[in-house]
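Visitor: Could you have a look at this structure, given as structure tokens, before my questions?
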Amino acid sequence: YVAKLLVDLKAHERGQDVLIVQRTAEITASQNKLQATLDAIPDLMLELDLHGFCHDYHASSLNPGLPPADFFLGKHVSEVLPPEAVRVVTEALQLAARVGHARGYEFALPASAGPLWFEVSMTRKRGERDNDPRMIVLARNITSRKHAESELRVAATAFDAQEGMAITDGEGRVLRVNPAFTQITGYTATEAVGRRLHFLNTDRHDDESLWACVRTTGVWRGELWNRRKNGEVFPC
């Protein structure tokens with residue numbers, strides 16, 4: 001009986017060893033997957049409490065331009081951010097503590113080459129005590145997006161200028177015209193959009209060579225004679 005008990009114990013120990021190896025491999029695989037997921041996130045990730053102190057930090061190894069961990073850990077946001085940015089982050093923290101999340105909060109950081117813009121989103125950690133909530137914070141650099149938005153606003157302003165403008169696709173079909181185009185040509189946006197700009201042509205220039213130049217060089221400059229909706233020919 002004793003011998004059988006010893007054999008059973010040994011078999012149980014071997015089974016436990018196999019189970020431990022399997023569980024260890026599963027945990028390692030899960031940790032590797034989590035690390036790969038974190039590294040794939042280009043955003044700065046922080047864990048902040050409601051008071052604004054940083055308790056944890058992660059920056060993707062794929063983005064070496066982000067600050068090191070000791071720049072944030074244990075510090076209050078007011079120690080690393082300017083006052084306006086602190087105000088924005090504090091407001092987002094308070095909202096996330098109340099409703100569980102906060103998204104789309106933006107602030108700028110001064111830099112020699114111009115301000116760096118960041119968008120902050122955060123979610124309250126599950127299971128945290130109500131008197132000491134923690135938030136997982138993602139801070140994304142949106143400077144390029146801000147520049148693009150600024151350029152679009154400038155382009156929109158220019159598009160609404162007194163010069164008649166038409167935007168076309170690669171085949172010369174009109175996608176959009178500005179009000180000045182309608183004033184000059186007599187064609188409304190409804191009448192112009194979808195048509196090729198040939199509808200303005202006269203026989204005073206070679207339209208095909210013009211578009212061939214655009215397709216080859218990306219630009220054409222010169223004077224054209226076009227025809228208004230009422231039939232009047234005009235230079236442009």
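Simple scheme: letters A, B, ... for chains in structure tokens order, numbers from 1 for residues in each chain, numbers from 1 for ligands in the order shown.
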Apply DSSP to the structure's backbone, then extract all residues of region 10-115 of chain A labelled helix (DSSP H, G or I) and return them as an mmCIF file with N, CA, C and O atoms, in the first residue's frame.
Guide:
```
data_model
loop_
_atom_site.group_PDB
_atom_site.id
_atom_site.type_symbol
_atom_site.label_atom_id
_atom_site.label_comp_id
_atom_site.auth_asym_id
_atom_site.auth_seq_id
_atom_site.Cartn_x
_atom_site.Cartn_y
_atom_site.Cartn_z
ATOM 1 N N LYS A 10 4.331 10.384 -6.725
ATOM 2 C CA LYS A 10 5.299 10.751 -7.770
ATOM 3 C C LYS A 10 4.579 11.134 -9.064
ATOM 4 O O LYS A 10 4.947 12.111 -9.734
ATOM 5 N N ALA A 11 3.549 10.350 -9.401
ATOM 6 C CA ALA A 11 2.794 10.640 -10.622
ATOM 7 C C ALA A 11 2.093 11.996 -10.500
ATOM 8 O O ALA A 11 2.047 12.784 -11.441
ATOM 9 N N HIS A 12 1.570 12.254 -9.284
ATOM 10 C CA HIS A 12 0.909 13.541 -9.058
ATOM 11 C C HIS A 12 1.908 14.697 -9.169
ATOM 12 O O HIS A 12 1.590 15.748 -9.760
ATOM 13 N N GLU A 13 3.107 14.500 -8.612
ATOM 14 C CA GLU A 13 4.137 15.539 -8.677
ATOM 15 C C GLU A 13 4.538 15.811 -10.118
ATOM 16 O O GLU A 13 4.709 16.963 -10.521
ATOM 17 N N ARG A 14 4.677 14.724 -10.916
ATOM 18 C CA ARG A 14 5.023 14.907 -12.326
ATOM 19 C C ARG A 14 3.910 15.668 -13.061
ATOM 20 O O ARG A 14 4.172 16.545 -13.889
ATOM 21 N N GLY A 15 2.662 15.309 -12.740
ATOM 22 C CA GLY A 15 1.538 16.019 -13.352
ATOM 23 C C GLY A 15 1.536 17.495 -12.982
ATOM 24 O O GLY A 15 1.260 18.355 -13.826
ATOM 25 N N GLN A 16 1.860 17.761 -11.691
ATOM 26 C CA GLN A 16 1.922 19.156 -11.250
ATOM 27 C C GLN A 16 3.042 19.901 -11.966
ATOM 28 O O GLN A 16 2.890 21.062 -12.347
ATOM 29 N N ASP A 17 4.185 19.220 -12.146
ATOM 30 C CA ASP A 17 5.316 19.851 -12.839
ATOM 31 C C ASP A 17 4.937 20.198 -14.283
ATOM 32 O O ASP A 17 5.260 21.291 -14.778
ATOM 33 N N VAL A 18 4.250 19.265 -14.945
ATOM 34 C CA VAL A 18 3.818 19.510 -16.324
ATOM 35 C C VAL A 18 2.839 20.677 -16.371
ATOM 36 O O VAL A 18 2.917 21.557 -17.242
ATOM 37 N N LEU A 19 1.913 20.692 -15.396
ATOM 38 C CA LEU A 19 0.919 21.760 -15.343
ATOM 39 C C LEU A 19 1.590 23.118 -15.112
ATOM 40 O O LEU A 19 1.215 24.132 -15.729
ATOM 41 N N ILE A 20 2.592 23.140 -14.225
ATOM 42 C CA ILE A 20 3.315 24.386 -13.945
ATOM 43 C C ILE A 20 4.032 24.879 -15.193
ATOM 44 O O ILE A 20 4.014 26.071 -15.516
ATOM 45 N N VAL A 21 4.655 23.967 -15.929
ATOM 46 C CA VAL A 21 5.344 24.339 -17.162
ATOM 47 C C VAL A 21 4.355 24.915 -18.174
ATOM 48 O O VAL A 21 4.621 25.933 -18.826
ATOM 49 N N GLN A 22 3.197 24.242 -18.308
ATOM 50 C CA GLN A 22 2.184 24.720 -19.245
ATOM 51 C C GLN A 22 1.679 26.103 -18.851
ATOM 52 O O GLN A 22 1.565 27.004 -19.693
ATOM 53 N N ARG A 23 1.368 26.274 -17.545
ATOM 54 C CA ARG A 23 0.861 27.561 -17.081
ATOM 55 C C ARG A 23 1.918 28.659 -17.241
ATOM 56 O O ARG A 23 1.590 29.801 -17.610
ATOM 57 N N THR A 24 3.176 28.313 -16.979
ATOM 58 C CA THR A 24 4.256 29.289 -17.141
ATOM 59 C C THR A 24 4.386 29.714 -18.591
ATOM 60 O O THR A 24 4.560 30.895 -18.897
ATOM 61 N N ALA A 25 4.289 28.744 -19.504
ATOM 62 C CA ALA A 25 4.374 29.062 -20.931
ATOM 63 C C ALA A 25 3.208 29.948 -21.358
ATOM 64 O O ALA A 25 3.374 30.890 -22.139
ATOM 65 N N GLU A 26 2.013 29.660 -20.824
ATOM 66 C CA GLU A 26 0.840 30.465 -21.158
ATOM 67 C C GLU A 26 0.988 31.896 -20.643
ATOM 68 O O GLU A 26 0.659 32.859 -21.341
ATOM 69 N N ILE A 27 1.496 32.024 -19.409
ATOM 70 C CA ILE A 27 1.691 33.360 -18.840
ATOM 71 C C ILE A 27 2.736 34.132 -19.634
ATOM 72 O O ILE A 27 2.564 35.314 -19.934
ATOM 73 N N THR A 28 3.824 33.448 -20.002
ATOM 74 C CA THR A 28 4.877 34.097 -20.784
ATOM 75 C C THR A 28 4.352 34.551 -22.136
ATOM 76 O O THR A 28 4.634 35.667 -22.587
ATOM 77 N N ALA A 29 3.572 33.674 -22.791
ATOM 78 C CA ALA A 29 2.996 34.030 -24.090
ATOM 79 C C ALA A 29 2.057 35.219 -23.955
ATOM 80 O O ALA A 29 2.049 36.125 -24.791
ATOM 81 N N SER A 30 1.251 35.223 -22.869
ATOM 82 C CA SER A 30 0.327 36.332 -22.637
ATOM 83 C C SER A 30 1.083 37.627 -22.386
ATOM 84 O O SER A 30 0.708 38.692 -22.902
ATOM 85 N N GLN A 31 2.166 37.550 -21.601
ATOM 86 C CA GLN A 31 2.974 38.737 -21.326
ATOM 87 C C GLN A 31 3.640 39.256 -22.596
ATOM 88 O O GLN A 31 3.703 40.469 -22.828
ATOM 89 N N ASN A 32 4.143 38.333 -23.416
ATOM 90 C CA ASN A 32 4.772 38.743 -24.680
ATOM 91 C C ASN A 32 3.758 39.427 -25.605
ATOM 92 O O ASN A 32 4.082 40.406 -26.286
ATOM 93 N N LYS A 33 2.545 38.858 -25.640
ATOM 94 C CA LYS A 33 1.494 39.448 -26.475
ATOM 95 C C LYS A 33 1.135 40.844 -25.985
ATOM 96 O O LYS A 33 0.973 41.782 -26.776
ATOM 97 N N LEU A 34 1.012 40.978 -24.652
ATOM 98 C CA LEU A 34 0.690 42.283 -24.077
ATOM 99 C C LEU A 34 1.796 43.295 -24.367
ATOM 100 O O LEU A 34 1.517 44.441 -24.743
ATOM 101 N N GLN A 35 3.061 42.873 -24.233
ATOM 102 C CA GLN A 35 4.172 43.780 -24.492
ATOM 103 C C GLN A 35 4.203 44.198 -25.959
ATOM 104 O O GLN A 35 4.446 45.368 -26.275
ATOM 105 N N ALA A 36 3.948 43.239 -26.855
ATOM 106 C CA ALA A 36 3.918 43.569 -28.280
ATOM 107 C C ALA A 36 2.792 44.545 -28.588
ATOM 108 O O ALA A 36 2.948 45.462 -29.399
ATOM 109 N N THR A 37 1.643 44.347 -27.914
ATOM 110 C CA THR A 37 0.517 45.255 -28.117
ATOM 111 C C THR A 37 0.858 46.658 -27.635
ATOM 112 O O THR A 37 0.593 47.656 -28.318
ATOM 113 N N LEU A 38 1.480 46.744 -26.460
ATOM 114 C CA LEU A 38 1.876 48.044 -25.924
ATOM 115 C C LEU A 38 2.902 48.727 -26.820
ATOM 116 O O LEU A 38 2.832 49.939 -27.062
ATOM 117 N N ASP A 39 3.863 47.943 -27.318
ATOM 118 C CA ASP A 39 4.896 48.524 -28.176
ATOM 119 C C ASP A 39 4.327 49.010 -29.502
ATOM 120 O O ASP A 39 4.898 49.889 -30.142
ATOM 121 N N ALA A 40 3.211 48.417 -29.916
ATOM 122 C CA ALA A 40 2.595 48.827 -31.180
ATOM 123 C C ALA A 40 1.813 50.130 -31.042
ATOM 124 O O ALA A 40 1.454 50.749 -32.043
ATOM 125 N N ALA A 69 11.165 57.197 -18.462
ATOM 126 C CA ALA A 69 10.187 56.996 -17.397
ATOM 127 C C ALA A 69 10.396 57.943 -16.225
ATOM 128 O O ALA A 69 9.438 58.449 -15.636
ATOM 129 N N ASP A 70 11.667 58.196 -15.844
ATOM 130 C CA ASP A 70 11.909 59.022 -14.662
ATOM 131 C C ASP A 70 11.498 60.472 -14.862
ATOM 132 O O ASP A 70 11.472 61.263 -13.912
ATOM 133 N N PHE A 71 11.172 60.847 -16.087
ATOM 134 C CA PHE A 71 10.679 62.200 -16.341
ATOM 135 C C PHE A 71 9.278 62.379 -15.757
ATOM 136 O O PHE A 71 8.874 63.489 -15.400
ATOM 137 N N VAL A 77 1.692 66.373 -12.461
ATOM 138 C CA VAL A 77 1.670 66.902 -13.827
ATOM 139 C C VAL A 77 2.172 68.344 -13.892
ATOM 140 O O VAL A 77 2.732 68.776 -14.906
ATOM 141 N N SER A 78 1.999 69.089 -12.803
ATOM 142 C CA SER A 78 2.463 70.478 -12.789
ATOM 143 C C SER A 78 3.982 70.577 -12.809
ATOM 144 O O SER A 78 4.530 71.646 -13.096
ATOM 145 N N GLU A 79 4.673 69.469 -12.506
ATOM 146 C CA GLU A 79 6.139 69.467 -12.537
ATOM 147 C C GLU A 79 6.691 69.244 -13.942
ATOM 148 O O GLU A 79 7.873 69.503 -14.189
ATOM 149 N N PRO A 83 1.182 75.491 -17.164
ATOM 150 C CA PRO A 83 -0.104 75.657 -16.466
ATOM 151 C C PRO A 83 -1.341 75.341 -17.307
ATOM 152 O O PRO A 83 -2.275 74.690 -16.823
ATOM 153 N N GLU A 84 -1.384 75.795 -18.554
ATOM 154 C CA GLU A 84 -2.571 75.549 -19.371
ATOM 155 C C GLU A 84 -2.762 74.059 -19.632
ATOM 156 O O GLU A 84 -3.890 73.542 -19.610
ATOM 157 N N ALA A 85 -1.658 73.344 -19.875
ATOM 158 C CA ALA A 85 -1.747 71.896 -20.089
ATOM 159 C C ALA A 85 -2.195 71.195 -18.811
ATOM 160 O O ALA A 85 -2.971 70.234 -18.854
ATOM 161 N N VAL A 86 -1.717 71.672 -17.650
ATOM 162 C CA VAL A 86 -2.142 71.103 -16.369
ATOM 163 C C VAL A 86 -3.642 71.283 -16.192
ATOM 164 O O VAL A 86 -4.350 70.371 -15.751
ATOM 165 N N ARG A 87 -4.153 72.462 -16.555
ATOM 166 C CA ARG A 87 -5.586 72.715 -16.448
ATOM 167 C C ARG A 87 -6.385 71.730 -17.302
ATOM 168 O O ARG A 87 -7.391 71.173 -16.858
ATOM 169 N N VAL A 88 -5.923 71.488 -18.531
ATOM 170 C CA VAL A 88 -6.625 70.582 -19.441
ATOM 171 C C VAL A 88 -6.611 69.155 -18.893
ATOM 172 O O VAL A 88 -7.647 68.469 -18.868
ATOM 173 N N VAL A 89 -5.445 68.691 -18.436
ATOM 174 C CA VAL A 89 -5.329 67.327 -17.914
ATOM 175 C C VAL A 89 -6.175 67.162 -16.653
ATOM 176 O O VAL A 89 -6.849 66.139 -16.466
ATOM 177 N N THR A 90 -6.160 68.162 -15.783
ATOM 178 C CA THR A 90 -6.955 68.097 -14.550
ATOM 179 C C THR A 90 -8.434 68.000 -14.860
ATOM 180 O O THR A 90 -9.174 67.217 -14.247
ATOM 181 N N GLU A 91 -8.888 68.773 -15.821
ATOM 182 C CA GLU A 91 -10.295 68.727 -16.228
ATOM 183 C C GLU A 91 -10.659 67.352 -16.767
ATOM 184 O O GLU A 91 -11.724 66.802 -16.460
ATOM 185 N N ALA A 92 -9.764 66.761 -17.567
ATOM 186 C CA ALA A 92 -10.018 65.426 -18.117
ATOM 187 C C ALA A 92 -10.020 64.372 -17.011
ATOM 188 O O ALA A 92 -10.851 63.450 -17.030
ATOM 189 N N LEU A 93 -9.114 64.494 -16.039
ATOM 190 C CA LEU A 93 -9.072 63.553 -14.921
ATOM 191 C C LEU A 93 -10.383 63.581 -14.136
ATOM 192 O O LEU A 93 -10.930 62.529 -13.763
ATOM 193 N N GLN A 94 -10.887 64.765 -13.870
ATOM 194 C CA GLN A 94 -12.124 64.892 -13.102
ATOM 195 C C GLN A 94 -13.310 64.291 -13.853
ATOM 196 O O GLN A 94 -14.163 63.624 -13.258
ATOM 197 N N LEU A 95 -13.347 64.507 -15.171
ATOM 198 C CA LEU A 95 -14.429 63.921 -15.959
ATOM 199 C C LEU A 95 -14.332 62.400 -15.975
ATOM 200 O O LEU A 95 -15.340 61.698 -15.809
ATOM 201 N N ALA A 96 -13.125 61.874 -16.183
ATOM 202 C CA ALA A 96 -12.943 60.419 -16.221
ATOM 203 C C ALA A 96 -13.285 59.780 -14.885
ATOM 204 O O ALA A 96 -13.831 58.668 -14.844
ATOM 205 N N ALA A 97 -12.995 60.465 -13.792
ATOM 206 C CA ALA A 97 -13.333 59.938 -12.474
ATOM 207 C C ALA A 97 -14.847 59.866 -12.286
ATOM 208 O O ALA A 97 -15.355 58.941 -11.638
ATOM 209 N N ARG A 98 -15.584 60.810 -12.894
ATOM 210 C CA ARG A 98 -17.041 60.838 -12.738
ATOM 211 C C ARG A 98 -17.747 59.856 -13.651
ATOM 212 O O ARG A 98 -18.636 59.117 -13.210
ATOM 213 N N VAL A 99 -17.373 59.864 -14.938
ATOM 214 C CA VAL A 99 -18.141 59.079 -15.923
ATOM 215 C C VAL A 99 -17.378 57.884 -16.483
ATOM 216 O O VAL A 99 -17.915 57.124 -17.278
#
```
Visitor: Identify, with DSSP run on backbone atoms, the residues in region 14-164 of chain A assigned to strand (DSSP E or B), and express the list as a ChimeraX atom specification.
Guide: /A:44-49,53-58,76,101-109,116-124,134-141
Visitor: Suppose we keep N, CA, C and O atoms; can you now write the selection as a compact mmCIF listing (two decimals), in the first residue's frame?
Guide:
```
# COMPACT_ATOMS: atom_id res chain seq x y z
N LEU A 44 2.02 57.89 -25.80
CA LEU A 44 2.56 57.84 -24.45
C LEU A 44 1.45 57.35 -23.53
O LEU A 44 0.31 57.82 -23.61
N MET A 45 1.75 56.38 -22.66
CA MET A 45 0.75 55.82 -21.76
C MET A 45 1.17 56.06 -20.31
O MET A 45 2.28 55.74 -19.92
N LEU A 46 0.25 56.63 -19.54
CA LEU A 46 0.51 56.96 -18.14
C LEU A 46 -0.61 56.44 -17.27
O LEU A 46 -1.74 56.25 -17.72
N GLU A 47 -0.29 56.21 -16.00
CA GLU A 47 -1.31 55.95 -15.00
C GLU A 47 -1.27 57.09 -14.00
O GLU A 47 -0.27 57.29 -13.31
N LEU A 48 -2.34 57.86 -13.94
CA LEU A 48 -2.42 59.01 -13.06
C LEU A 48 -3.51 58.81 -12.03
O LEU A 48 -4.55 58.19 -12.31
N ASP A 49 -3.29 59.37 -10.83
CA ASP A 49 -4.38 59.40 -9.87
C ASP A 49 -5.17 60.69 -10.06
O ASP A 49 -4.82 61.54 -10.89
N PHE A 53 -0.84 62.80 -9.93
CA PHE A 53 0.48 62.18 -9.76
C PHE A 53 0.60 60.94 -10.65
O PHE A 53 -0.36 60.19 -10.82
N CYS A 54 1.79 60.74 -11.19
CA CYS A 54 2.04 59.63 -12.11
C CYS A 54 2.53 58.40 -11.35
O CYS A 54 3.54 58.47 -10.63
N HIS A 55 1.84 57.27 -11.52
CA HIS A 55 2.20 56.04 -10.83
C HIS A 55 2.78 54.98 -11.77
O HIS A 55 3.42 54.03 -11.30
N ASP A 56 2.55 55.11 -13.05
CA ASP A 56 3.11 54.14 -14.00
C ASP A 56 3.25 54.83 -15.35
O ASP A 56 2.61 55.87 -15.61
N TYR A 57 4.10 54.24 -16.20
CA TYR A 57 4.44 54.91 -17.45
C TYR A 57 4.87 53.87 -18.47
O TYR A 57 5.53 52.89 -18.14
N HIS A 58 4.45 54.09 -19.71
CA HIS A 58 4.93 53.22 -20.80
C HIS A 58 5.10 54.05 -22.06
O HIS A 58 4.23 54.83 -22.43
N HIS A 76 4.09 65.13 -10.12
CA HIS A 76 2.78 65.72 -10.40
C HIS A 76 2.84 66.34 -11.79
O HIS A 76 3.89 66.79 -12.25
N HIS A 101 -14.54 57.91 -18.40
CA HIS A 101 -13.65 58.17 -19.53
C HIS A 101 -13.68 59.64 -19.90
O HIS A 101 -14.60 60.38 -19.53
N ALA A 102 -12.66 60.07 -20.62
CA ALA A 102 -12.57 61.43 -21.16
C ALA A 102 -11.76 61.36 -22.44
O ALA A 102 -10.70 60.71 -22.46
N ARG A 103 -12.22 62.03 -23.48
CA ARG A 103 -11.55 61.92 -24.78
C ARG A 103 -11.48 63.28 -25.46
O ARG A 103 -12.33 64.15 -25.26
N GLY A 104 -10.43 63.45 -26.26
CA GLY A 104 -10.34 64.61 -27.13
C GLY A 104 -9.85 65.89 -26.47
O GLY A 104 -10.05 66.97 -27.02
N TYR A 105 -9.20 65.80 -25.34
CA TYR A 105 -8.67 67.00 -24.68
C TYR A 105 -7.31 67.34 -25.30
O TYR A 105 -6.43 66.47 -25.40
N GLU A 106 -7.13 68.59 -25.70
CA GLU A 106 -5.92 68.99 -26.41
C GLU A 106 -5.17 70.08 -25.65
O GLU A 106 -5.78 70.93 -24.99
N PHE A 107 -3.85 70.04 -25.76
CA PHE A 107 -3.02 71.12 -25.22
C PHE A 107 -1.74 71.20 -26.03
O PHE A 107 -1.37 70.28 -26.77
N ALA A 108 -1.07 72.35 -25.91
CA ALA A 108 0.17 72.58 -26.66
C ALA A 108 1.35 72.72 -25.70
O ALA A 108 1.21 73.27 -24.59
N LEU A 109 2.51 72.22 -26.12
CA LEU A 109 3.75 72.38 -25.38
C LEU A 109 4.68 73.26 -26.20
O LEU A 109 4.85 73.04 -27.40
N LEU A 116 4.17 71.99 -29.88
CA LEU A 116 3.84 70.58 -30.09
C LEU A 116 2.46 70.34 -29.48
O LEU A 116 2.24 70.60 -28.30
N TRP A 117 1.55 69.83 -30.29
CA TRP A 117 0.18 69.62 -29.85
C TRP A 117 -0.04 68.16 -29.45
O TRP A 117 0.44 67.25 -30.12
N PHE A 118 -0.77 67.96 -28.35
CA PHE A 118 -1.08 66.62 -27.87
C PHE A 118 -2.58 66.51 -27.60
O PHE A 118 -3.22 67.47 -27.17
N GLU A 119 -3.10 65.32 -27.87
CA GLU A 119 -4.49 64.99 -27.54
C GLU A 119 -4.48 63.93 -26.46
O GLU A 119 -3.80 62.91 -26.58
N VAL A 120 -5.23 64.17 -25.40
CA VAL A 120 -5.26 63.28 -24.25
C VAL A 120 -6.61 62.58 -24.15
O VAL A 120 -7.65 63.23 -24.24
N SER A 121 -6.55 61.27 -24.00
CA SER A 121 -7.75 60.47 -23.72
C SER A 121 -7.45 59.58 -22.53
O SER A 121 -6.30 59.16 -22.35
N MET A 122 -8.45 59.30 -21.72
CA MET A 122 -8.20 58.48 -20.53
C MET A 122 -9.43 57.69 -20.14
O MET A 122 -10.56 58.05 -20.47
N THR A 123 -9.16 56.57 -19.44
CA THR A 123 -10.21 55.69 -18.95
C THR A 123 -9.91 55.32 -17.51
O THR A 123 -8.76 55.07 -17.15
N ARG A 124 -10.94 55.30 -16.71
CA ARG A 124 -10.77 54.92 -15.30
C ARG A 124 -10.52 53.42 -15.19
O ARG A 124 -11.22 52.62 -15.83
N ARG A 134 -7.75 55.59 -10.24
CA ARG A 134 -6.59 55.72 -11.13
C ARG A 134 -7.09 55.73 -12.58
O ARG A 134 -8.04 55.02 -12.93
N MET A 135 -6.43 56.53 -13.40
CA MET A 135 -6.80 56.65 -14.81
C MET A 135 -5.65 56.22 -15.70
O MET A 135 -4.49 56.58 -15.44
N ILE A 136 -5.97 55.44 -16.74
CA ILE A 136 -5.01 55.11 -17.77
C ILE A 136 -5.11 56.21 -18.84
O ILE A 136 -6.18 56.42 -19.41
N VAL A 137 -4.01 56.87 -19.08
CA VAL A 137 -4.00 58.06 -19.94
C VAL A 137 -3.17 57.79 -21.19
O VAL A 137 -2.04 57.29 -21.11
N LEU A 138 -3.72 58.11 -22.35
CA LEU A 138 -2.99 58.06 -23.61
C LEU A 138 -2.80 59.49 -24.09
O LEU A 138 -3.76 60.25 -24.20
N ALA A 139 -1.55 59.84 -24.38
CA ALA A 139 -1.23 61.18 -24.90
C ALA A 139 -0.66 61.00 -26.30
O ALA A 139 0.39 60.38 -26.48
N ARG A 140 -1.34 61.54 -27.30
CA ARG A 140 -0.95 61.37 -28.70
C ARG A 140 -0.46 62.69 -29.29
O ARG A 140 -1.11 63.73 -29.13
N ASN A 141 0.67 62.64 -29.96
CA ASN A 141 1.20 63.82 -30.65
C ASN A 141 0.37 64.07 -31.91
O ASN A 141 0.37 63.27 -32.83
```
Visitor: Just give me the gap between CA of Asn230 (chain A) and CA of Ala192 (chain A) in Å, one decimal is fine.
Guide: 14.4 Å
Visitor: Could you tell me how far CA of Ile167 (chain A) sits from CA of Ala212 (chain A), in Å to one decimal place?
Guide: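 Distance reported for this atom pair: 17.0 Å.
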Visitor: Find the spatial neighbours of Thr182 (chain A), counting only C-alpha atoms, within a cut-off of 12 Å - ignore same-chain residues fewer than 2 positions away - and output them as a ChimeraX atom specification.
Guide: /A:160,162-166,176-180,184-193,228-229
Visitor: Interatomic distance between CA of Asn201 (chain A) and CA of Asn226 (chain A)?
Guide: 5.1 Å
